[in-house]
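In what follows, a single structure is set out as structure tokens and then discussed.
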Amino acid sequence: MTARGAVRTPPAKRAARIPAVPSPFRQRVYEIVQAIPPGRVITYGGLAACIPPPAGLDWEAYGRIRARWAGYALADCPDDLPWQRVVNAQGRISPRPGHGPHVQRLLLEEEGVVFRQDGRLDLAQYLWQPDPEWRRRRGLL
């Protein structure tokens, strides 16, 4: 059985444990994650840094919470989103509701990502950043 066949926690149970994230932010997270090519990753902070702050939220406050918001958005994402392509800033897998870390690792390994013995992946090799023109066309710059 592949990692895709893993059982997930039902959405209603996941939603009860996840803080609310503004819907426009959540949609931007999903849009960016959908664009990550197989075999590449982005960090939670790198993903969130691509998204301007919501209206009325100052940059400093946003800078402190944006990576966590990205994590919350992905914790309750649609099943067809390649959520496994988002890792923490150390190149490690972070715990996720409904899945053990082994599921994310298996999914990434199926895409060709190799993990070192310490459980990290080489961000210098696998890190993806959206092209500035791609971001500009989507109003992310």
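Residues are named by chain letter and number: chains run A, B, ... in the order of the structure tokens, numbers start at 1 in each chain, and ligands are numbered from 1 in the order shown.
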Based on the backbone DSSP call, show me all residues of chain A assigned alpha helix (DSSP H), as a VMD selection string. chain A and resid 11 to 17 23 to 35 44 to 49 59 to 75 101 to 110 123 to 126 132 to 137
Next on the checklist: If we count only C-alpha atoms and set the cut-off at 8 Å, which residues sit around A:Ala73, ignoring sequence neighbours fewer than 6 positions away in its own chain? Please answer as an NGL selection string.
Outcome noted: :A and (21 or 26 or 29)
Counting only C-alpha atoms, which of A:Gln129, A:Gly39, A:Val87, A:Phe25 gets nearest to A:Tyr62?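 Once distances to A:Tyr62 are computed over only C-alpha atoms, the minimum belongs to A:Phe25.
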- Fewer than 2 positions away in the same chain doesn't count, so skip those; otherwise give me all residues within 7 Å of A:Trp83, counting only C-alpha atoms, as a PyMOL selection string. chain A and resi 33+74+81+85-86
How would the residues just chosen look if you wrote them out with N, CA and C atoms as a CSV table (one decimal), in the first residue's frame?
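Output saved as part-v7.csv:
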```csv
chain,number,residue,atom,x,y,z
A,33,VAL,N,0.8,25.9,-2.9
A,33,VAL,CA,1.1,24.5,-2.7
A,33,VAL,C,0.8,23.7,-3.9
A,74,LEU,N,-2.8,24.1,6.1
A,74,LEU,CA,-2.5,22.8,5.5
A,74,LEU,C,-3.0,21.7,6.4
A,81,LEU,N,-4.7,18.1,-2.4
A,81,LEU,CA,-3.6,19.1,-2.3
A,81,LEU,C,-2.3,18.4,-2.0
A,85,ARG,N,4.5,18.4,0.4
A,85,ARG,CA,5.6,19.2,-0.2
A,85,ARG,C,6.0,20.4,0.7
A,86,VAL,N,5.4,20.5,1.9
A,86,VAL,CA,5.7,21.6,2.8
A,86,VAL,C,6.3,21.0,4.0
```
Correct to one decimal, the distance atom CA of A:Arg137-atom CA of A:Arg28 is 13.0 Å
Would you mind listing what lies within 9 Å of A:Leu140 as a list in words, with only C-alpha atoms counted and same-chain residues fewer than 2 positions away left out? Arg28, Cys50, Ile51, Pro52, Pro132, Trp134, Arg135, Arg136, Arg137 and Arg138 of chain A
Restricting it to N, CA and C atoms, dump the selection as a short mmCIF file (atom, residue, chain, number, x, y, z; two decimals), in the first residue's frame.
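Writing done, so here's part_5.cif:
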```
data_model
loop_
_atom_site.label_atom_id
_atom_site.label_comp_id
_atom_site.auth_asym_id
_atom_site.auth_seq_id
_atom_site.Cartn_x
_atom_site.Cartn_y
_atom_site.Cartn_z
N ARG A 28 -4.81 31.24 -0.76
CA ARG A 28 -3.48 31.54 -1.32
C ARG A 28 -2.50 30.42 -1.00
N CYS A 50 5.33 34.33 0.81
CA CYS A 50 4.85 34.64 -0.54
C CYS A 50 3.50 35.34 -0.53
N ILE A 51 2.84 35.36 0.61
CA ILE A 51 1.47 35.87 0.70
C ILE A 51 1.47 37.19 1.46
N PRO A 52 0.97 38.27 0.84
CA PRO A 52 0.91 39.55 1.55
C PRO A 52 -0.01 39.45 2.77
N PRO A 132 9.18 34.87 -9.61
CA PRO A 132 8.59 36.20 -9.36
C PRO A 132 7.48 36.56 -10.35
N TRP A 134 5.42 34.48 -11.84
CA TRP A 134 4.26 33.68 -11.42
C TRP A 134 3.56 34.38 -10.26
N ARG A 135 4.34 34.86 -9.28
CA ARG A 135 3.77 35.55 -8.13
C ARG A 135 3.12 36.87 -8.55
N ARG A 136 3.76 37.59 -9.46
CA ARG A 136 3.21 38.88 -9.91
C ARG A 136 1.86 38.69 -10.60
N ARG A 137 1.76 37.67 -11.47
CA ARG A 137 0.50 37.40 -12.18
C ARG A 137 -0.63 37.06 -11.21
N ARG A 138 -0.31 36.58 -10.05
CA ARG A 138 -1.34 36.18 -9.08
C ARG A 138 -1.52 37.22 -7.97
#
```
